[in-house]
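Novice: Here it is: the structure, laid out below.
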Amino acid sequence: MVTRSDIRLADRFTQRVRDILAGNMEPAAPRDASTVALLRPAGSGGGFDVYLLRRRRSMAFAPGVHAFPGGSVDPRDADADLAWSGPDAATWGQVLNGPPELARALICAAVRETFEESGVLLAGPLPDTVVADTRGDDWEWDRRALVDRSLSLAALLRRRGLVLRSDLLSPWARWITPEMESRRFDTRFFAAALPAGQRTRDVGGEADEVVWLPPAAAIAAARRGEMLLMPPTAVTLAEFARHQTAAGALAARRDMVPRQPGISVIGGAAWLTIPDGLDYPL
């Protein structure tokens, strides 16, 4: 039986889902990844906005969808030779249900990808400070060097004398890409407030559009067909929409139990099923 939490997949997935369910095809192994939802107050009207970027239609994974900044862990994200503020890697490992080395890499990937895809850097010259502005040409050079992997996050922070602010990240959820996808990710979702003084900018690269929207407005736009949202993004926006303020959302107690949509074939069509207990708003 098809329910509200079931999503019909494109016909091209039907045979692949059949093969996976029958044991004739091995699902791709998921790669560790991080993504960060940036939040900022919405202004005099109250509430808060979320930063979303639209992935270019030429991208191999999730083309044309609006998503939070994020991406795969780079091996150099595990570099321990950098100044660090906030919970240490062992503590993050307990939160993220993984070894300290992986937790360190996930946190560094979250900070690196956020800077690459929004220009926002969660780091500062002191353990309790944040860089005030990252819009200069020298910062843009550093951002591009991170993107083309000629510079690692640890090297950037060391050269600039900056401390990574792991305490600015709030763990939100863990999503694993469904088995029928050829590219799969084990993604830890984080939320973070836009640091005072910093501004996001359209940095190009993997995105061709960026927007700030209240969570409910983004969901409404997706319902009107004006945005494409993948299930993890849509569910996360619905979870954000339950909170009145960004501070309230960031303070919410969360668990990082893996969430992986199920797959099935019903009536000759392939379907995706959102895990029980989650509010899929589309």
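Letters A, B, ... go to the chains of the structure tokens in the order shown; residues in each chain start at 1; ligands are counted from 1 in the same order.
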Would you kindly return, as a list in words, each protein, DNA or RNA residue with an atom no farther than 7 Å from any atom of range 210-217 of chain A, considering only C-alpha atoms and excluding same-chain residues fewer than 4 positions away?

Specialist: Phe48, Asp49, Val50, Tyr51, Leu52, Leu53, Arg54, Asp202, Ala221, Leu237, Ala238, Phe240 and Ala241 of chain A

Novice: Convert the current residue selection to file output with N, CA and C atoms, as a compact mmCIF listing (two decimals), in the first residue's frame.

Specialist:
```
# COMPACT_ATOMS: atom_id res chain seq x y z
N PHE A 48 13.27 32.99 11.43
CA PHE A 48 14.62 32.90 10.91
C PHE A 48 14.61 32.32 9.50
N ASP A 49 15.70 32.61 8.78
CA ASP A 49 15.88 32.13 7.42
C ASP A 49 16.95 31.04 7.39
N VAL A 50 16.88 30.23 6.34
CA VAL A 50 17.86 29.17 6.10
C VAL A 50 18.50 29.42 4.74
N TYR A 51 19.81 29.18 4.67
CA TYR A 51 20.55 29.37 3.42
C TYR A 51 20.46 28.11 2.57
N LEU A 52 20.03 28.28 1.32
CA LEU A 52 19.92 27.17 0.38
C LEU A 52 20.61 27.54 -0.92
N LEU A 53 21.29 26.58 -1.52
CA LEU A 53 21.88 26.80 -2.83
C LEU A 53 21.29 25.80 -3.81
N ARG A 54 21.17 26.22 -5.07
CA ARG A 54 20.66 25.31 -6.09
C ARG A 54 21.83 24.69 -6.85
N ASP A 202 27.14 34.64 -3.43
CA ASP A 202 27.00 33.68 -4.51
C ASP A 202 28.40 33.37 -5.03
N ALA A 221 7.39 26.79 -1.43
CA ALA A 221 7.90 26.93 -2.80
C ALA A 221 8.05 25.58 -3.47
N LEU A 237 13.91 20.91 6.81
CA LEU A 237 13.20 22.19 6.81
C LEU A 237 11.93 22.11 7.65
N ALA A 238 11.20 20.99 7.56
CA ALA A 238 10.00 20.81 8.38
C ALA A 238 10.36 20.79 9.86
N PHE A 240 12.99 22.34 11.21
CA PHE A 240 13.32 23.73 11.55
C PHE A 240 12.05 24.55 11.75
N ALA A 241 11.05 24.31 10.93
CA ALA A 241 9.82 25.11 10.96
C ALA A 241 9.07 24.99 12.28
```

Novice: Please extract the residues of range 160-210 of chain A with a backbone DSSP assignment of strand (DSSP E) and present them as a PyMOL selection string.

Specialist: chain A and resi 163-165+170-176+185-193+207-210

Novice: Export, as a short mmCIF file (atom, residue, chain, number, x, y, z; two decimals), in the first residue's frame, the selected residues with N, CA and C atoms.

Specialist:
```
data_model
loop_
_atom_site.label_atom_id
_atom_site.label_comp_id
_atom_site.auth_asym_id
_atom_site.auth_seq_id
_atom_site.Cartn_x
_atom_site.Cartn_y
_atom_site.Cartn_z
N VAL A 163 41.52 29.57 14.67
CA VAL A 163 41.07 28.44 15.47
C VAL A 163 39.73 27.95 14.91
N LEU A 164 39.65 26.66 14.62
CA LEU A 164 38.37 26.09 14.17
C LEU A 164 37.38 26.09 15.33
N ARG A 165 36.17 26.57 15.08
CA ARG A 165 35.14 26.68 16.12
C ARG A 165 34.13 25.55 16.02
N SER A 170 25.91 22.65 15.55
CA SER A 170 24.95 21.86 16.32
C SER A 170 24.58 20.62 15.51
N PRO A 171 24.78 19.42 16.05
CA PRO A 171 24.41 18.22 15.31
C PRO A 171 22.90 18.17 15.09
N TRP A 172 22.50 17.77 13.89
CA TRP A 172 21.06 17.77 13.61
C TRP A 172 20.52 16.39 13.24
N ALA A 173 21.11 15.73 12.26
CA ALA A 173 20.58 14.43 11.83
C ALA A 173 21.64 13.70 11.03
N ARG A 174 21.38 12.44 10.77
CA ARG A 174 22.26 11.62 9.93
C ARG A 174 21.40 10.91 8.88
N TRP A 175 21.72 11.15 7.63
CA TRP A 175 20.97 10.55 6.52
C TRP A 175 21.89 9.72 5.65
N ILE A 176 21.44 8.54 5.27
CA ILE A 176 22.17 7.67 4.35
C ILE A 176 21.38 7.57 3.05
N PHE A 185 25.85 8.55 0.04
CA PHE A 185 26.56 9.31 1.07
C PHE A 185 25.97 8.99 2.44
N ASP A 186 26.84 8.94 3.41
CA ASP A 186 26.46 8.84 4.82
C ASP A 186 26.70 10.23 5.39
N THR A 187 25.65 11.05 5.38
CA THR A 187 25.81 12.48 5.63
C THR A 187 25.35 12.88 7.02
N ARG A 188 26.22 13.57 7.74
CA ARG A 188 25.85 14.15 9.03
C ARG A 188 25.42 15.59 8.79
N PHE A 189 24.21 15.89 9.19
CA PHE A 189 23.65 17.23 9.05
C PHE A 189 23.94 18.03 10.31
N PHE A 190 24.40 19.26 10.12
CA PHE A 190 24.64 20.19 11.22
C PHE A 190 23.86 21.47 10.96
N ALA A 191 23.66 22.25 12.01
CA ALA A 191 23.09 23.60 11.89
C ALA A 191 24.05 24.57 12.56
N ALA A 192 24.09 25.80 12.05
CA ALA A 192 24.97 26.82 12.61
C ALA A 192 24.39 28.19 12.35
N ALA A 193 24.57 29.09 13.30
CA ALA A 193 24.14 30.48 13.10
C ALA A 193 25.15 31.20 12.21
N ALA A 207 26.99 25.61 -7.50
CA ALA A 207 25.66 26.23 -7.38
C ALA A 207 25.47 27.29 -8.45
N ASP A 208 24.22 27.43 -8.92
CA ASP A 208 23.91 28.51 -9.85
C ASP A 208 22.91 29.51 -9.26
N GLU A 209 22.52 29.30 -8.00
CA GLU A 209 21.61 30.23 -7.33
C GLU A 209 21.69 29.99 -5.84
N VAL A 210 21.62 31.06 -5.04
CA VAL A 210 21.55 30.93 -3.59
C VAL A 210 20.42 31.80 -3.07
#
```

Novice: Near Asp167 in chain A, within 8 Å and counting only C-alpha atoms, which residues show up once chain neighbours fewer than 3 positions away are dropped, as a VMD selection string?

Specialist: chain A and resid 85 to 87 170

Novice: Selected residues, N, CA and C atoms, written as a CSV table (one decimal), in the first residue's frame, please.

Specialist:
```csv
chain,number,residue,atom,x,y,z
A,85,SER,N,38.7,24.7,18.8
A,85,SER,CA,37.9,25.2,20.0
A,85,SER,C,36.6,24.5,20.0
A,86,GLY,N,36.1,24.2,21.3
A,86,GLY,CA,34.9,23.5,21.4
A,86,GLY,C,35.1,22.1,21.8
A,87,PRO,N,34.0,21.3,21.7
A,87,PRO,CA,34.2,19.8,22.0
A,87,PRO,C,35.3,19.2,21.2
A,170,SER,N,25.9,22.7,15.5
A,170,SER,CA,25.0,21.9,16.3
A,170,SER,C,24.6,20.6,15.5
```

Novice: For the atom pair CA of Gln260 in chain A and CA of Glu226 in chain A, what is the interatomic distance in Å to one decimal place?

Specialist: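 Straight-line distance from CA of Gln260 in chain A to CA of Glu226 in chain A works out to 25.9 Å.
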
Novice: Env of Ala105 in chain A: 8 Å cut, atoms = only C-alpha atoms, seq-sep filter 5 positions within chain, self excluded. Answer as JSON, numbers by chain.

Specialist: {"A": [73, 74, 75, 76, 77, 78, 79]}

Novice: Write to file, as a PDB file, in the first residue's frame, the residues of the selection just made, with N, CA and C atoms.

Specialist:
```pdb
ATOM      1  N   VAL A  73      33.769  13.989   2.672  1.00  0.00           N
ATOM      2  CA  VAL A  73      34.962  14.187   3.485  1.00  0.00           C
ATOM      3  C   VAL A  73      36.192  14.022   2.596  1.00  0.00           C
ATOM      4  N   ASP A  74      37.125  14.955   2.709  1.00  0.00           N
ATOM      5  CA  ASP A  74      38.426  14.873   2.058  1.00  0.00           C
ATOM      6  C   ASP A  74      39.379  14.184   3.047  1.00  0.00           C
ATOM      7  N   PRO A  75      40.251  13.278   2.570  1.00  0.00           N
ATOM      8  CA  PRO A  75      41.174  12.619   3.511  1.00  0.00           C
ATOM      9  C   PRO A  75      41.937  13.595   4.399  1.00  0.00           C
ATOM     10  N   ARG A  76      42.242  14.799   3.867  1.00  0.00           N
ATOM     11  CA  ARG A  76      43.000  15.772   4.661  1.00  0.00           C
ATOM     12  C   ARG A  76      42.159  16.430   5.738  1.00  0.00           C
ATOM     13  N   ASP A  77      40.845  16.215   5.711  1.00  0.00           N
ATOM     14  CA  ASP A  77      40.002  16.763   6.774  1.00  0.00           C
ATOM     15  C   ASP A  77      40.302  16.129   8.125  1.00  0.00           C
ATOM     16  N   ALA A  78      40.971  14.986   8.126  1.00  0.00           N
ATOM     17  CA  ALA A  78      41.317  14.315   9.383  1.00  0.00           C
ATOM     18  C   ALA A  78      42.617  14.845   9.991  1.00  0.00           C
ATOM     19  N   ASP A  79      43.262  15.812   9.352  1.00  0.00           N
ATOM     20  CA  ASP A  79      44.522  16.381   9.847  1.00  0.00           C
ATOM     21  C   ASP A  79      44.321  16.951  11.250  1.00  0.00           C
TER      22      ASP A  79
END
```

Novice: What is the CA of Val131 in chain A to CA of Arg159 in chain A distance in Å?

Specialist: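 Separation of CA of Val131 in chain A and CA of Arg159 in chain A: 14.1 Å.
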
Novice: Compare A:Pro281, A:Gly267, A:Pro125, A:Pro258 by their minimum atom-to-atom distance to Gly98 in chain A, counting only C-alpha atoms, and give me the closest one.

Specialist: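 Checking each of A:Pro281, A:Gly267, A:Pro125, A:Pro258 against Gly98 in chain A, counting only C-alpha atoms, the winner is A:Pro258.
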
Novice: If you count only C-alpha atoms, which residues fall within 8 Å of Leu229 in chain A, apart from same-chain ones fewer than 3 positions away, as an NGL selection string?

Specialist: :A and (65-67 or 222 or 233-234)

Novice: Kindly give the distance, in Å, that separates CA of Ala10 in chain A and CA of Ser182 in chain A, rounded to a single decimal.

Specialist: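 Between these atoms lies a distance of 14.1 Å.
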
Novice: Nearest to Gly225 in chain A: which of A:Met180, A:Leu169, A:Leu282, A:Leu39 is it, counting only C-alpha atoms?

Specialist: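 Answer, going by the shortest atom-to-atom distance: A:Leu282.
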
Novice: Considering only C-alpha atoms, state which residue in the set A:Leu102, A:Ile7, A:Ile274, A:Ala218 is at the smallest distance from Ala33 in chain A.

Specialist: A:Leu102

Novice: Excluding same-chain residues fewer than 6 positions from range 117-122 of chain A, what lies within 6 Å of it counting only C-alpha atoms, as a PyMOL selection string?

Specialist: chain A and resi 69+165+200-201

Novice: Output N, CA and C atoms for every residue in the selection just made, as a JSON list (two decimals), in the first residue's frame.

Specialist:
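Final file, result_22.json:
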```json
[["chain", "number", "residue", "atom", "x", "y", "z"],
["A", 69, "PRO", "N", 24.81, 23.79, 2.06],
["A", 69, "PRO", "CA", 26.22, 23.56, 1.70],
["A", 69, "PRO", "C", 26.70, 22.23, 2.28],
["A", 165, "ARG", "N", 36.17, 26.57, 15.08],
["A", 165, "ARG", "CA", 35.14, 26.68, 16.12],
["A", 165, "ARG", "C", 34.13, 25.55, 16.02],
["A", 200, "THR", "N", 27.01, 35.75, 3.50],
["A", 200, "THR", "CA", 27.11, 34.76, 2.43],
["A", 200, "THR", "C", 27.17, 35.49, 1.10],
["A", 201, "ARG", "N", 27.68, 34.81, 0.12],
["A", 201, "ARG", "CA", 27.72, 35.39, -1.22],
["A", 201, "ARG", "C", 27.57, 34.26, -2.25]]
```

Novice: Between A:Ala103, A:Cys108, A:Leu82, A:Met256, which is the closest to Arg160 in chain A once you count only C-alpha atoms?

Specialist: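 Distance minimum relative to Arg160 in chain A lands on A:Leu82.
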
Novice: If you count only C-alpha atoms, which residues fall within 6 Å of Ala89 in chain A, apart from same-chain ones fewer than 4 positions away, as a list in words?

Specialist: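 In the requested form, the answer reads Gly93, Pro100, Ala103 and Arg104 of chain A.
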
Novice: Those selected residues, please, written with N, CA and C atoms and delivered as a PDB file, in the first residue's frame.

Specialist:
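Result file follows (again_22.pdb):
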```pdb
ATOM      1  N   GLY A  93      32.966  12.343  18.610  1.00  0.00           N
ATOM      2  CA  GLY A  93      32.786  10.941  18.237  1.00  0.00           C
ATOM      3  C   GLY A  93      31.611  10.306  18.963  1.00  0.00           C
ATOM      4  N   PRO A 100      36.972   8.970  17.014  1.00  0.00           N
ATOM      5  CA  PRO A 100      37.400  10.380  17.031  1.00  0.00           C
ATOM      6  C   PRO A 100      37.973  10.851  15.701  1.00  0.00           C
ATOM      7  N   ALA A 103      35.162  11.603  13.416  1.00  0.00           N
ATOM      8  CA  ALA A 103      34.444  12.785  13.904  1.00  0.00           C
ATOM      9  C   ALA A 103      35.206  14.055  13.562  1.00  0.00           C
ATOM     10  N   ARG A 104      36.519  14.043  13.749  1.00  0.00           N
ATOM     11  CA  ARG A 104      37.331  15.216  13.399  1.00  0.00           C
ATOM     12  C   ARG A 104      37.183  15.531  11.911  1.00  0.00           C
TER      13      ARG A 104
END
```

Novice: I need the residue nearest Asp32 in chain A from this list: A:Ser166, A:Thr177, A:Gln94, A:Gln15. Use only C-alpha atoms for the distance.

Specialist: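 That would be A:Thr177, the residue with the smallest distance to Asp32 in chain A.
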